[in-house]
>>> print(open('query.cif').read())   # mmCIF, C-alpha atoms
data_data
#
loop_
_atom_site.label_atom_id
_atom_site.label_comp_id
_atom_site.auth_asym_id
_atom_site.auth_seq_id
_atom_site.Cartn_x
_atom_site.Cartn_y
_atom_site.Cartn_z
CA MET A 1 -13.06 -20.66 9.24
CA ASN A 2 -14.38 -21.56 5.78
CA ARG A 3 -11.60 -21.66 3.18
CA ILE A 4 -13.06 -19.20 0.70
CA PHE A 5 -10.03 -18.21 -1.38
CA ASP A 6 -10.03 -21.12 -3.85
CA ASN A 7 -13.06 -19.97 -5.84
CA THR A 8 -11.43 -18.85 -9.10
CA GLU A 9 -14.72 -18.15 -10.85
CA VAL A 10 -15.39 -15.33 -8.34
CA ALA A 11 -11.70 -14.31 -8.19
CA PHE A 12 -11.34 -13.70 -11.93
CA SER A 13 -14.91 -12.78 -12.82
CA LEU A 14 -13.83 -9.36 -14.16
CA LYS A 15 -11.08 -10.79 -16.40
CA SER A 16 -11.78 -11.59 -20.04
CA ASP A 17 -10.09 -14.67 -21.51
CA SER A 18 -7.36 -12.51 -23.06
CA GLN A 19 -6.72 -10.69 -19.74
CA LEU A 20 -6.52 -14.05 -18.01
CA GLU A 21 -3.94 -15.19 -20.57
CA ARG A 22 -1.93 -11.99 -20.13
CA ALA A 23 -1.91 -12.43 -16.34
CA TYR A 24 -0.76 -16.05 -16.73
CA PHE A 25 2.03 -14.99 -19.10
CA LEU A 26 3.17 -12.13 -16.80
CA PHE A 27 3.34 -14.26 -13.66
CA LYS A 28 5.22 -16.97 -15.55
CA MET A 29 7.80 -14.31 -16.48
CA ILE A 30 7.91 -12.93 -12.91
CA ALA A 31 8.46 -16.46 -11.55
CA ASN A 32 11.79 -16.53 -13.42
CA GLU A 33 14.33 -14.48 -11.42
CA PRO A 34 16.96 -14.11 -14.19
CA VAL A 35 14.23 -12.93 -16.60
CA VAL A 36 13.09 -10.29 -14.07
CA ARG A 37 16.70 -9.09 -13.58
CA ILE A 38 17.38 -8.87 -17.32
CA GLY A 39 13.93 -7.35 -18.03
CA THR A 40 14.48 -4.70 -15.35
CA ALA A 41 17.88 -3.73 -16.73
CA VAL A 42 16.62 -3.60 -20.34
CA THR A 43 13.51 -1.57 -19.34
CA ASN A 44 15.59 0.92 -17.34
CA PHE A 45 17.96 1.33 -20.26
CA ALA A 46 15.14 1.74 -22.79
CA ILE A 47 13.43 4.41 -20.70
CA LYS A 48 16.65 6.34 -20.03
CA ALA A 49 17.56 6.17 -23.72
CA HIS A 50 14.04 7.40 -24.59
CA LEU A 51 13.38 4.37 -26.79
CA PRO A 52 9.73 3.96 -27.87
CA VAL A 53 8.81 1.20 -25.41
CA GLU A 54 5.86 2.84 -23.63
CA GLY A 55 3.28 1.14 -25.87
CA LEU A 56 4.67 -2.31 -25.09
CA ILE A 57 4.93 -1.58 -21.34
CA ARG A 58 1.41 -0.15 -21.30
CA ALA A 59 -0.08 -3.18 -23.06
CA THR A 60 1.55 -5.68 -20.70
CA VAL A 61 2.84 -5.00 -17.20
CA PHE A 62 1.38 -1.47 -16.83
CA ASP A 63 -2.21 -2.40 -17.69
CA HIS A 64 -2.03 -5.44 -15.41
CA PHE A 65 -0.74 -3.62 -12.29
CA CYS A 66 -1.98 -0.02 -12.88
CA GLY A 67 -5.32 1.69 -13.34
CA GLY A 68 -4.25 4.24 -15.97
CA VAL A 69 -2.18 7.36 -16.59
CA ASN A 70 -4.55 9.78 -14.78
CA GLU A 71 -7.58 9.75 -12.47
CA GLU A 72 -10.18 9.80 -15.27
CA ASP A 73 -8.38 6.92 -16.96
CA CYS A 74 -8.92 4.82 -13.79
CA LEU A 75 -12.67 5.42 -13.51
CA PRO A 76 -13.91 2.51 -15.70
CA ILE A 77 -11.87 0.08 -13.53
CA VAL A 78 -13.01 1.78 -10.30
CA GLU A 79 -16.67 1.45 -11.33
CA LYS A 80 -16.29 -2.11 -12.61
CA MET A 81 -14.67 -3.27 -9.37
CA TYR A 82 -17.30 -1.52 -7.25
CA GLU A 83 -20.02 -3.54 -9.01
CA LYS A 84 -18.35 -6.55 -7.34
CA GLY A 85 -18.24 -4.80 -3.97
CA VAL A 86 -14.56 -3.79 -4.19
CA SER A 87 -13.62 -0.17 -3.37
CA SER A 88 -10.56 1.63 -4.79
CA VAL A 89 -7.62 3.49 -3.29
CA LEU A 90 -6.14 5.60 -6.09
CA ASP A 91 -2.37 5.78 -5.59
CA TYR A 92 -0.38 8.29 -7.62
CA SER A 93 2.70 6.05 -7.84
CA VAL A 94 5.37 8.49 -8.97
CA GLU A 95 8.53 8.04 -6.89
CA GLY A 96 11.96 9.49 -6.25
CA LYS A 97 11.33 13.20 -6.82
CA GLU A 98 13.72 15.81 -5.37
CA GLU A 99 12.56 19.30 -6.37
CA GLU A 100 10.24 21.71 -4.55
CA GLU A 101 8.04 22.17 -7.61
CA GLN A 102 7.65 18.38 -7.84
CA PHE A 103 6.60 18.24 -4.18
CA ASP A 104 4.09 21.05 -4.77
CA ALA A 105 2.76 19.18 -7.80
CA CYS A 106 2.37 16.02 -5.70
CA TYR A 107 0.58 18.01 -2.97
CA ASN A 108 -1.83 19.45 -5.55
CA LYS A 109 -2.37 15.96 -6.93
CA VAL A 110 -3.28 14.60 -3.46
CA ILE A 111 -5.68 17.51 -2.87
CA LYS A 112 -7.31 16.73 -6.23
CA LEU A 113 -7.52 13.06 -5.24
CA LEU A 114 -9.27 13.99 -1.99
CA ASP A 115 -11.88 15.92 -4.00
CA PHE A 116 -12.15 12.99 -6.38
CA ALA A 117 -12.67 10.54 -3.48
CA ALA A 118 -15.16 12.81 -1.66
CA GLU A 119 -17.43 12.74 -4.72
CA ARG A 120 -17.40 8.96 -5.11
CA LYS A 121 -18.66 6.25 -2.77
CA GLU A 122 -16.32 3.82 -4.56
CA MET A 123 -13.28 5.63 -3.10
CA PRO A 124 -13.37 5.85 0.72
CA PHE A 125 -9.62 6.53 1.00
CA SER A 126 -6.88 8.71 -0.37
CA VAL A 127 -3.14 7.98 -0.06
CA PHE A 128 0.31 9.54 -0.34
CA LYS A 129 3.96 8.81 0.43
CA PRO A 130 5.94 11.09 2.79
CA THR A 131 8.67 11.47 0.15
CA GLY A 132 6.03 12.83 -2.21
CA PHE A 133 6.08 15.93 0.03
CA GLY A 134 9.79 16.28 0.83
CA ARG A 135 13.30 15.02 0.21
CA PHE A 136 14.26 11.62 1.59
CA LYS A 137 17.58 12.99 2.92
CA LEU A 138 15.74 15.73 4.82
CA TYR A 139 13.53 13.19 6.63
CA GLN A 140 16.66 11.20 7.41
CA LYS A 141 18.43 14.26 8.86
CA ILE A 142 15.42 15.13 11.05
CA GLY A 143 15.12 11.51 12.25
CA GLU A 144 18.82 11.42 13.14
CA LYS A 145 18.41 14.75 14.99
CA ASP A 146 21.09 16.45 12.92
CA VAL A 147 21.30 20.24 12.97
CA LEU A 148 19.49 21.78 10.01
CA SER A 149 20.74 24.73 8.04
CA LYS A 150 18.47 27.79 7.76
CA ALA A 151 17.47 26.71 4.22
CA GLU A 152 16.69 23.18 5.45
CA GLU A 153 14.55 24.55 8.29
CA GLU A 154 12.52 26.50 5.74
CA GLU A 155 12.32 23.43 3.52
CA TRP A 156 11.05 21.31 6.44
CA ALA A 157 8.45 23.96 7.29
CA ARG A 158 7.10 23.57 3.73
CA VAL A 159 6.95 19.77 4.19
CA LEU A 160 4.94 20.27 7.40
CA ASP A 161 2.62 22.70 5.60
CA ARG A 162 1.91 20.08 2.94
CA PHE A 163 1.06 17.43 5.56
CA GLU A 164 -1.12 19.93 7.44
CA GLY A 165 -2.91 21.04 4.26
CA VAL A 166 -3.77 17.49 3.20
CA CYS A 167 -4.80 16.19 6.65
CA LYS A 168 -6.92 19.26 7.40
CA TYR A 169 -8.66 19.01 4.01
CA ALA A 170 -9.22 15.25 4.46
CA TYR A 171 -10.78 15.99 7.86
CA GLU A 172 -13.08 18.65 6.37
CA LEU A 173 -14.19 16.31 3.58
CA GLY A 174 -14.47 13.24 5.81
CA VAL A 175 -12.14 11.20 3.57
CA THR A 176 -9.67 8.88 5.30
CA VAL A 177 -6.05 9.46 4.26
CA LEU A 178 -3.57 6.56 4.30
CA ILE A 179 0.08 7.62 4.60
CA ASP A 180 2.56 5.04 3.33
CA ALA A 181 5.67 3.91 5.22
CA GLU A 182 9.11 3.92 3.63
CA GLU A 183 12.68 2.97 4.60
CA SER A 184 13.41 2.79 8.34
CA TRP A 185 16.13 5.44 8.28
CA MET A 186 13.67 8.14 7.20
CA GLN A 187 10.59 6.77 8.95
CA ASP A 188 11.16 8.26 12.43
CA ALA A 189 10.70 11.80 11.09
CA ALA A 190 7.61 10.78 9.08
CA ASP A 191 6.15 9.04 12.16
CA GLN A 192 6.57 12.19 14.27
CA VAL A 193 4.68 14.32 11.75
CA ILE A 194 1.91 11.75 11.29
CA GLU A 195 1.49 11.36 15.07
CA GLU A 196 0.90 15.11 15.36
CA MET A 197 -1.64 14.97 12.52
CA MET A 198 -3.43 12.09 14.28
CA ALA A 199 -3.49 14.00 17.58
CA LYS A 200 -5.03 16.96 15.77
CA TYR A 201 -7.51 15.36 13.35
CA ASN A 202 -8.40 11.98 14.89
CA LYS A 203 -10.35 13.28 17.90
CA GLU A 204 -13.72 11.78 16.87
CA LYS A 205 -12.59 9.01 14.52
CA ALA A 206 -9.51 7.94 12.59
CA ILE A 207 -9.10 10.18 9.53
CA VAL A 208 -5.28 10.06 9.37
CA PHE A 209 -3.73 6.57 9.11
CA ASN A 210 -0.04 5.77 9.44
CA THR A 211 1.45 2.55 8.02
CA LEU A 212 3.14 -0.14 10.11
CA GLN A 213 5.58 -2.39 8.24
CA MET A 214 5.46 -5.48 10.41
CA TYR A 215 8.65 -7.03 9.00
CA ARG A 216 10.22 -4.54 11.43
CA TRP A 217 10.54 -6.21 14.83
CA ASP A 218 10.08 -2.88 16.67
CA ARG A 219 6.66 -1.96 15.24
CA LEU A 220 4.49 -3.86 17.73
CA ASP A 221 6.12 -1.95 20.61
CA TYR A 222 5.72 1.29 18.66
CA LEU A 223 1.99 0.55 18.20
CA LYS A 224 1.48 -0.15 21.91
CA LYS A 225 3.36 2.96 23.07
CA LEU A 226 1.51 5.22 20.66
CA HIS A 227 -1.79 3.66 21.76
CA GLU A 228 -0.90 4.53 25.36
CA ARG A 229 -0.14 8.14 24.36
CA ALA A 230 -3.35 8.41 22.32
CA GLY A 231 -5.33 7.19 25.33
CA LYS A 232 -3.84 9.90 27.53
CA GLU A 233 -4.25 12.67 24.96
CA GLY A 234 -7.69 11.61 23.74
CA PHE A 235 -7.26 10.81 20.06
CA LYS A 236 -7.96 7.78 17.88
CA LEU A 237 -5.41 5.79 15.88
CA GLY A 238 -5.62 4.49 12.33
CA PHE A 239 -3.11 2.05 10.87
CA LYS A 240 -2.54 0.41 7.56
CA LEU A 241 -0.92 -2.88 8.52
CA VAL A 242 1.49 -4.33 5.93
CA ARG A 243 4.43 -6.69 5.98
CA GLY A 244 6.81 -4.32 4.17
CA ALA A 245 8.40 -3.56 0.81
CA TYR A 246 12.08 -2.70 1.34
CA MET A 247 13.52 -5.83 2.97
CA GLU A 248 16.60 -6.35 0.80
CA LYS A 249 17.50 -2.65 0.96
CA GLU A 250 17.06 -2.64 4.77
CA ASN A 251 19.25 -5.71 5.33
CA GLU A 252 21.96 -4.52 2.93
CA ARG A 253 22.22 -1.10 4.58
CA ALA A 254 22.32 -2.58 8.10
CA GLU A 255 25.14 -4.92 7.08
CA GLU A 256 27.03 -2.18 5.25
CA MET A 257 26.82 0.25 8.17
CA GLY A 258 27.27 -2.30 10.93
CA TYR A 259 24.03 -1.91 12.91
CA PRO A 260 21.46 -4.62 13.78
CA THR A 261 18.92 -5.08 11.00
CA PRO A 262 15.46 -3.67 11.81
CA ILE A 263 13.94 -6.64 9.93
CA CYS A 264 12.61 -9.77 11.65
CA ALA A 265 15.00 -12.74 11.48
CA SER A 266 12.66 -14.94 9.43
CA LYS A 267 9.48 -14.99 7.38
CA GLN A 268 7.77 -16.83 10.24
CA GLU A 269 8.72 -14.10 12.73
CA THR A 270 7.34 -11.47 10.34
CA ASP A 271 4.08 -13.44 10.02
CA ASN A 272 3.84 -13.77 13.81
CA ASN A 273 4.53 -10.04 14.24
CA TYR A 274 1.88 -9.13 11.66
CA ASP A 275 -0.73 -11.35 13.29
CA ALA A 276 0.14 -10.04 16.77
CA GLY A 277 -0.31 -6.47 15.49
CA ALA A 278 -3.67 -7.37 13.95
CA LYS A 279 -4.80 -9.04 17.19
CA TYR A 280 -3.76 -6.03 19.28
CA ILE A 281 -5.77 -3.71 17.03
CA MET A 282 -8.82 -6.00 16.95
CA ASP A 283 -8.70 -6.15 20.77
CA ASN A 284 -8.73 -2.34 20.86
CA LEU A 285 -11.11 -1.53 18.04
CA ASP A 286 -12.86 1.13 20.09
CA THR A 287 -9.77 3.35 19.73
CA ILE A 288 -7.83 1.92 16.73
CA SER A 289 -9.02 1.42 13.14
CA VAL A 290 -7.24 -0.91 10.72
CA PHE A 291 -6.67 -1.26 7.00
CA ALA A 292 -5.18 -4.78 6.77
CA GLY A 293 -3.08 -4.59 3.62
CA THR A 294 -2.00 -8.18 3.08
CA HIS A 295 -1.73 -10.82 0.38
CA ASN A 296 -1.25 -13.50 3.03
CA GLU A 297 -4.27 -15.81 3.13
CA GLU A 298 -3.72 -16.94 6.73
CA SER A 299 -3.53 -13.37 8.07
CA ASN A 300 -6.80 -12.53 6.34
CA TYR A 301 -8.44 -15.68 7.73
CA GLN A 302 -7.22 -14.84 11.25
CA ILE A 303 -8.73 -11.34 11.18
CA MET A 304 -11.99 -12.71 9.74
CA LYS A 305 -12.02 -15.32 12.54
CA MET A 306 -11.50 -12.61 15.18
CA MET A 307 -14.40 -10.65 13.69
CA ASP A 308 -16.56 -13.76 13.97
CA GLU A 309 -15.54 -14.45 17.57
CA LYS A 310 -16.07 -10.83 18.64
CA ALA A 311 -19.37 -10.57 16.69
CA ILE A 312 -17.96 -7.65 14.67
CA SER A 313 -20.06 -6.87 11.60
CA LYS A 314 -18.43 -7.50 8.21
CA GLU A 315 -19.41 -3.91 7.37
CA GLU A 316 -17.70 -2.42 10.45
CA GLU A 317 -16.17 0.81 9.11
CA ARG A 318 -13.11 0.49 11.39
CA VAL A 319 -11.99 -2.75 9.68
CA TRP A 320 -10.88 -2.81 6.05
CA PHE A 321 -8.91 -5.31 4.01
CA GLY A 322 -6.81 -4.39 0.98
CA GLN A 323 -4.67 -5.86 -1.78
CA LEU A 324 -2.76 -4.39 -4.71
CA TYR A 325 -4.42 -4.18 -8.12
CA GLY A 326 -3.22 -7.04 -10.34
CA MET A 327 -2.49 -9.35 -7.41
CA SER A 328 -4.40 -11.67 -5.05
CA ASP A 329 -7.76 -11.33 -6.78
CA HIS A 330 -8.70 -14.63 -5.13
CA ILE A 331 -8.58 -12.85 -1.75
CA THR A 332 -10.13 -9.53 -2.76
CA TYR A 333 -13.15 -10.73 -4.72
CA ASN A 334 -14.01 -13.70 -2.54
CA MET A 335 -14.01 -11.44 0.54
CA ALA A 336 -16.11 -8.81 -1.25
CA GLU A 337 -18.54 -11.54 -2.32
CA ARG A 338 -19.09 -12.29 1.38
CA GLY A 339 -19.66 -8.66 2.33
CA TYR A 340 -16.35 -7.62 3.92
CA ASN A 341 -14.98 -4.08 3.46
CA VAL A 342 -12.26 -4.62 0.88
CA ALA A 343 -10.35 -2.29 -1.44
CA LYS A 344 -7.78 -2.51 -4.19
CA TYR A 345 -4.78 -0.17 -4.18
CA LEU A 346 -4.93 1.20 -7.72
CA PRO A 347 -1.61 2.75 -8.80
CA TYR A 348 -1.63 5.22 -11.67
CA GLY A 349 0.51 7.87 -13.34
CA PRO A 350 2.50 8.48 -16.53
CA VAL A 351 4.02 5.20 -17.78
CA ARG A 352 7.64 6.35 -17.48
CA ASP A 353 7.15 7.80 -14.01
CA VAL A 354 5.45 4.68 -12.69
CA MET A 355 8.23 2.32 -13.84
CA PRO A 356 10.11 2.31 -10.48
CA TYR A 357 6.88 1.14 -8.83
CA LEU A 358 6.35 -1.59 -11.45
CA ILE A 359 9.93 -2.80 -11.18
CA ARG A 360 9.55 -3.04 -7.38
CA ARG A 361 6.35 -5.06 -7.83
CA ALA A 362 8.10 -7.53 -10.16
CA GLU A 363 11.09 -7.88 -7.82
CA GLU A 364 8.84 -8.28 -4.79
CA ASN A 365 6.82 -11.03 -6.48
CA THR A 366 10.04 -12.79 -7.41
CA SER A 367 11.45 -12.64 -3.88
CA VAL A 368 8.30 -13.55 -1.89
CA ALA A 369 8.32 -17.33 -1.71
CA GLY A 370 5.03 -18.84 -2.82
CA GLN A 371 3.34 -15.60 -3.95
CA THR A 372 3.87 -16.09 -7.68
CA THR A 373 3.39 -19.87 -7.48
CA ARG A 374 0.00 -19.34 -5.85
CA GLU A 375 -1.05 -16.75 -8.48
CA LEU A 376 -0.01 -19.12 -11.27
CA SER A 377 -1.82 -22.15 -9.84
CA LEU A 378 -5.07 -20.16 -9.48
CA LEU A 379 -4.80 -18.71 -13.00
CA LYS A 380 -4.12 -22.20 -14.32
CA GLN A 381 -7.17 -23.52 -12.45
CA GLU A 382 -9.39 -20.80 -13.95
CA ARG A 383 -8.02 -21.37 -17.49
CA LYS A 384 -8.90 -25.03 -17.07
CA ARG A 385 -12.39 -24.20 -15.73
CA ARG A 386 -13.04 -21.88 -18.69
CA LYS A 387 -11.37 -24.29 -21.13
CA VAL A 388 -9.14 -21.43 -22.37
#
>>> encode(input="query.cif", output="structure tokens")
Amino acid sequence: MNRIFDNTEVAFSLKSDSQLERAYFLFKMIANEPVVRIGTAVTNFAIKAHLPVEGLIRATVFDHFCGGVNEEDCLPIVEKMYEKGVSSVLDYSVEGKEEEEQFDACYNKVIKLLDFAAERKEMPFSVFKPTGFGRFKLYQKIGEKDVLSKAEEEEWARVLDRFEGVCKYAYELGVTVLIDAEESWMQDAADQVIEEMMAKYNKEKAIVFNTLQMYRWDRLDYLKKLHERAGKEGFKLGFKLVRGAYMEKENERAEEMGYPTPICASKQETDNNYDAGAKYIMDNLDTISVFAGTHNEESNYQIMKMMDEKAISKEEERVWFGQLYGMSDHITYNMAERGYNVAKYLPYGPVRDVMPYLIRRAEENTSVAGQTTRELSLLKQERKRRKV
């Protein structure tokens, strides 16, 4: 397979010199773990104390990793990326809500996003998190098969109504909806709901996608069993395939509560699990669609190689690749340049509300060995090429 990810001219073609410098500065900061820890603590304090830091956050980390504060704000970026062959997945990245009115607001936001996507060829997907539609603790209780109170039963019925409303509307509009995965101890309940939505709305093609976090050693088995069920019941599957975003939290909880960790024992095992999941899907593309969300170069190369070997068109609508906005541009733009279906996850929302997402991004970059180093070396290479 040709090594295509080193072309920094293509990778950073949308960045001005000043944006390139900002990216270099940010990743240098993120590479320093103590700086990230201190920065996170100071930012959290400043936001809670209502200090006027939004302008500074917006001009640095927010503008690098987010598309804007609302949908309209994101449009110039969406259009600019599409000129380079890169689609957008607008992600309303507001987390940790607990109130019914907040869940209703999130539901309305996702419905609006579906309309927004249906009108624009640049946006083939919509996305939401299960905890945008209901309380984390409620999912946990359902997953653990605890008895619900009358009020909780009514609350869960409202959660199901929100899922149903979004998936039905996505089906009517023909917009694919990607549903994110979260922590393992709430995921069983989310999986059950999403499976029912798939069985209902994925009869002809995959409209509803679940997410498989392949740092979990049980996900490959889960994929195979669900595939067997889908075959019997006559519906298609759609999966966003990712490595996962809650590793430290998962391991800490497992240790604290004395159960075996759901996370693979090593980075290599996670990589192997991810690639095995991708291979299984590519071997069953007639009934499973994939959105390969990965910043790992080798995993992308492997899927591209499988497409070559199986003579699958680069434009095959059942195979998409995706990376987060502000990261791995060398993968995204070089793949788009060669005609693959590729999209950027474009988070947006009010600056204060999006801070938990941004903090997680910084921590994730710090903890993933090699990720930040690779970003820095490519940015350095491009600065040198441009003589910045």
>>> residues_around(input="query.cif", residues="Glu144 in chain A", least_positions_apart="5", cutoff="10 Å", atoms="all atoms listed in the file", output="JSON, numbers by chain")
{"A": [138, 139, 185, 186, 188, 189]}
>>> residues_near_point(input="query.cif", point="(-13.9, -13.7, 1.0)", cutoff="12 Å", atoms="all atoms listed in the file", output="PDB file with C-alpha atoms, in the coordinates of the input")
ATOM      1  CA  MET A   1     -13.060 -20.660   9.240  1.00  0.00           C
ATOM      2  CA  ASN A   2     -14.380 -21.560   5.780  1.00  0.00           C
ATOM      3  CA  ARG A   3     -11.600 -21.660   3.180  1.00  0.00           C
ATOM      4  CA  ILE A   4     -13.060 -19.200   0.700  1.00  0.00           C
ATOM      5  CA  PHE A   5     -10.030 -18.210  -1.380  1.00  0.00           C
ATOM      6  CA  ASP A   6     -10.030 -21.120  -3.850  1.00  0.00           C
ATOM      7  CA  ASN A   7     -13.060 -19.970  -5.840  1.00  0.00           C
ATOM      8  CA  THR A   8     -11.430 -18.850  -9.100  1.00  0.00           C
ATOM      9  CA  VAL A  10     -15.390 -15.330  -8.340  1.00  0.00           C
ATOM     10  CA  ALA A  11     -11.700 -14.310  -8.190  1.00  0.00           C
ATOM     11  CA  LYS A  84     -18.350  -6.550  -7.340  1.00  0.00           C
ATOM     12  CA  GLY A  85     -18.240  -4.800  -3.970  1.00  0.00           C
ATOM     13  CA  VAL A  86     -14.560  -3.790  -4.190  1.00  0.00           C
ATOM     14  CA  GLU A 297      -4.270 -15.810   3.130  1.00  0.00           C
ATOM     15  CA  ASN A 300      -6.800 -12.530   6.340  1.00  0.00           C
ATOM     16  CA  TYR A 301      -8.440 -15.680   7.730  1.00  0.00           C
ATOM     17  CA  ILE A 303      -8.730 -11.340  11.180  1.00  0.00           C
ATOM     18  CA  MET A 304     -11.990 -12.710   9.740  1.00  0.00           C
ATOM     19  CA  LYS A 305     -12.020 -15.320  12.540  1.00  0.00           C
ATOM     20  CA  LYS A 314     -18.430  -7.500   8.210  1.00  0.00           C
ATOM     21  CA  PHE A 321      -8.910  -5.310   4.010  1.00  0.00           C
ATOM     22  CA  GLY A 322      -6.810  -4.390   0.980  1.00  0.00           C
ATOM     23  CA  SER A 328      -4.400 -11.670  -5.050  1.00  0.00           C
ATOM     24  CA  ASP A 329      -7.760 -11.330  -6.780  1.00  0.00           C
ATOM     25  CA  HIS A 330      -8.700 -14.630  -5.130  1.00  0.00           C
ATOM     26  CA  ILE A 331      -8.580 -12.850  -1.750  1.00  0.00           C
ATOM     27  CA  THR A 332     -10.130  -9.530  -2.760  1.00  0.00           C
ATOM     28  CA  TYR A 333     -13.150 -10.730  -4.720  1.00  0.00           C
ATOM     29  CA  ASN A 334     -14.010 -13.700  -2.540  1.00  0.00           C
ATOM     30  CA  MET A 335     -14.010 -11.440   0.540  1.00  0.00           C
ATOM     31  CA  ALA A 336     -16.110  -8.810  -1.250  1.00  0.00           C
ATOM     32  CA  GLU A 337     -18.540 -11.540  -2.320  1.00  0.00           C
ATOM     33  CA  ARG A 338     -19.090 -12.290   1.380  1.00  0.00           C
ATOM     34  CA  GLY A 339     -19.660  -8.660   2.330  1.00  0.00           C
ATOM     35  CA  TYR A 340     -16.350  -7.620   3.920  1.00  0.00           C
ATOM     36  CA  ASN A 341     -14.980  -4.080   3.460  1.00  0.00           C
ATOM     37  CA  VAL A 342     -12.260  -4.620   0.880  1.00  0.00           C
TER      38      VAL A 342
END
>>> resolve_selection(input="query.cif", expression="the PyMOL selection byres ((chain A and resi 63) around 12)", output="NGL selection string")
:A and (19 or 22-23 or 26 or 54-62 or 64-69 or 73-74 or 77 or 325-326 or 346-351 or 354 or 358)
>>> atom_distance(input="query.cif", atom1="CA of Ser13 in chain A", atom2="CA of His295 in chain A")
18.8 Å
>>> residues_near_point(input="query.cif", point="(9.4, 21.9, -1.6)", cutoff="7 Å", atoms="all atoms listed in the file", output="PyMOL selection string")
chain A and resi 99-101+103-104+134+155+158-159
>>> atom_distance(input="query.cif", atom1="CA of Ser289 in chain A", atom2="CA of Gly165 in chain A")
22.4 Å
>>> residues_around(input="query.cif", residues="Glu375 in chain A", least_positions_apart="4", cutoff="8 Å", atoms="only C-alpha atoms", output="NGL selection string")
:A and (27 or 327-328 or 371 or 379)
>>> closest_atom_pairs(input="query.cif", of="range 283-328 of chain A", to="range 264-273 of chain A", cutoff="10 Å", atoms="all atoms listed in the file", output="CSV")
residue,atom,partner,partner_atom,distance
A:Asn296,CA,A:Asp271,CA,8.8
A:Glu298,CA,A:Asp271,CA,9.2
A:Ser299,CA,A:Asp271,CA,7.9
>>> residues_around(input="query.cif", residues="Tyr246 in chain A", least_positions_apart="4", cutoff="8 Å", atoms="all atoms listed in the file", output="VMD selection string")
chain A and resid 182 to 183 250
>>> closest_residue(input="query.cif", among="A:Ser149, A:Ser88, A:Gln102, A:Asn284", to="Lys121 in chain A", atoms="all atoms listed in the file")
A:Ser88
>>> atom_distance(input="query.cif", atom1="CA of Cys106 in chain A", atom2="CA of Leu90 in chain A")
13.5 Å
>>> closest_residue(input="query.cif", among="A:Lys112, A:Lys384, A:Lys240, A:Lys200", to="Ile179 in chain A", atoms="all atoms listed in the file")
A:Lys240
